[in-house]
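K.L.:
After the structure tokens below, expect a handful of questions from me.
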Amino acid sequence: MRIFVTKKLASVMGIKPVPVGNETDPLFSWTANWTNTFYDRKEDMVVMINNATRFTVLI
């Protein structure tokens with residue numbers, strides 16, 4: 001399983017993303033992003049989306 005992070009999530013986590021090729025099966029590839037849930041409260045959320053099925057997981 002491979003999880004690709006967006007530039008926004010990488011900066012929040014303090015890591016430097018490394019560009020890689022797309023030689024993996026899309027069923028085992030995920031894309032993760034970081035967002036806030038509400039404007040009034042500061043609740044952070046990580047959204048992960050499967051590249052093949054568009055199944056979404058919120059953490």
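Please note that chains go A, B, ... in the order of the structure tokens, that every chain numbers its residues from 1, and that ligands are numbered from 1 in the order shown.
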DSSP on the backbone, strand (DSSP E or B) only: what residues of chain A does that give? Format it as a VMD selection string.
P.N.:
chain A and resid 2 to 5 29 to 36 44 to 50 56 to 58
K.L.:
Please provide the set of residues having any atom within 10 Å of Arg2 of chain A, restricted to only C-alpha atoms, with same-chain residues fewer than 4 positions apart removed, written as a PDB file with C-alpha atoms, in the first residue's frame.
P.N.:
```
ATOM      1  CA  THR A  24       1.732   0.747  -8.235  1.00  0.00           C
ATOM      2  CA  ASP A  25      -1.751  -0.677  -8.617  1.00  0.00           C
ATOM      3  CA  PRO A  26      -4.370   2.093  -8.099  1.00  0.00           C
ATOM      4  CA  LEU A  27      -6.315  -0.223  -5.796  1.00  0.00           C
ATOM      5  CA  PHE A  28      -3.457  -0.051  -3.276  1.00  0.00           C
ATOM      6  CA  SER A  29      -2.751   3.680  -3.721  1.00  0.00           C
ATOM      7  CA  TRP A  30      -4.167   6.350  -1.423  1.00  0.00           C
ATOM      8  CA  THR A  31      -3.996  10.150  -1.396  1.00  0.00           C
TER       9      THR A  31
END
```
K.L.:
Hey, can you check how far atom CA of Trp34 of chain A sits from atom CA of Val57 of chain A?
P.N.:
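If I compute the distance from atom CA of Trp34 of chain A to atom CA of Val57 of chain A, I get 12.0 Å.
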K.L.:
Using the chain letters and numbers from this document, which residues of chain A does DSSP assign to helix (DSSP H, G or I), as a list in words?
P.N.:
Lys7, Lys8, Leu9, Ala10, Ser11, Val12, Met13, Pro26, Leu27 and Phe28 of chain A
K.L.:
For the residues in that selection, give me N, CA, C and O atoms as an mmCIF file, in the first residue's frame.
P.N.:
```cif
data_model
loop_
_atom_site.group_PDB
_atom_site.id
_atom_site.type_symbol
_atom_site.label_atom_id
_atom_site.label_comp_id
_atom_site.auth_asym_id
_atom_site.auth_seq_id
_atom_site.Cartn_x
_atom_site.Cartn_y
_atom_site.Cartn_z
ATOM 1 N N LYS A 7 0.956 18.562 -0.738
ATOM 2 C CA LYS A 7 1.952 19.518 -0.276
ATOM 3 C C LYS A 7 1.529 20.134 1.055
ATOM 4 O O LYS A 7 2.356 20.383 1.929
ATOM 5 N N LYS A 8 0.245 20.339 1.242
ATOM 6 C CA LYS A 8 -0.284 20.924 2.474
ATOM 7 C C LYS A 8 -0.057 19.987 3.663
ATOM 8 O O LYS A 8 0.392 20.418 4.723
ATOM 9 N N LEU A 9 -0.343 18.707 3.509
ATOM 10 C CA LEU A 9 -0.138 17.738 4.585
ATOM 11 C C LEU A 9 1.339 17.540 4.881
ATOM 12 O O LEU A 9 1.731 17.415 6.033
ATOM 13 N N ALA A 10 2.158 17.542 3.859
ATOM 14 C CA ALA A 10 3.598 17.378 4.061
ATOM 15 C C ALA A 10 4.176 18.541 4.863
ATOM 16 O O ALA A 10 5.035 18.340 5.723
ATOM 17 N N SER A 11 3.706 19.756 4.608
ATOM 18 C CA SER A 11 4.220 20.900 5.369
ATOM 19 C C SER A 11 3.752 20.863 6.814
ATOM 20 O O SER A 11 4.492 21.239 7.720
ATOM 21 N N VAL A 12 2.529 20.384 7.075
ATOM 22 C CA VAL A 12 2.028 20.271 8.444
ATOM 23 C C VAL A 12 2.797 19.194 9.203
ATOM 24 O O VAL A 12 3.139 19.365 10.371
ATOM 25 N N MET A 13 3.106 18.079 8.531
ATOM 26 C CA MET A 13 3.838 16.988 9.171
ATOM 27 C C MET A 13 5.329 17.272 9.281
ATOM 28 O O MET A 13 6.034 16.603 10.039
ATOM 29 N N PRO A 26 -3.540 1.037 -8.693
ATOM 30 C CA PRO A 26 -4.370 2.093 -8.099
ATOM 31 C C PRO A 26 -5.247 1.605 -6.943
ATOM 32 O O PRO A 26 -5.644 2.397 -6.096
ATOM 33 N N LEU A 27 -5.521 0.310 -6.891
ATOM 34 C CA LEU A 27 -6.315 -0.223 -5.796
ATOM 35 C C LEU A 27 -5.582 -0.107 -4.462
ATOM 36 O O LEU A 27 -6.199 0.043 -3.405
ATOM 37 N N PHE A 28 -4.258 -0.135 -4.494
ATOM 38 C CA PHE A 28 -3.457 -0.051 -3.276
ATOM 39 C C PHE A 28 -2.802 1.311 -3.101
ATOM 40 O O PHE A 28 -1.862 1.454 -2.333
#
```
K.L.:
Using atom CA of Met48 of chain A and atom CA of Met1 of chain A as the two end points, give the distance in Å to one decimal.
P.N.:
12.6 Å
K.L.:
Measuring between only C-alpha atoms, which one of A:Ala52, A:Ile59, A:Val47, A:Ala32 shows the shortest distance to Phe4 of chain A?
P.N.:
A:Ala32
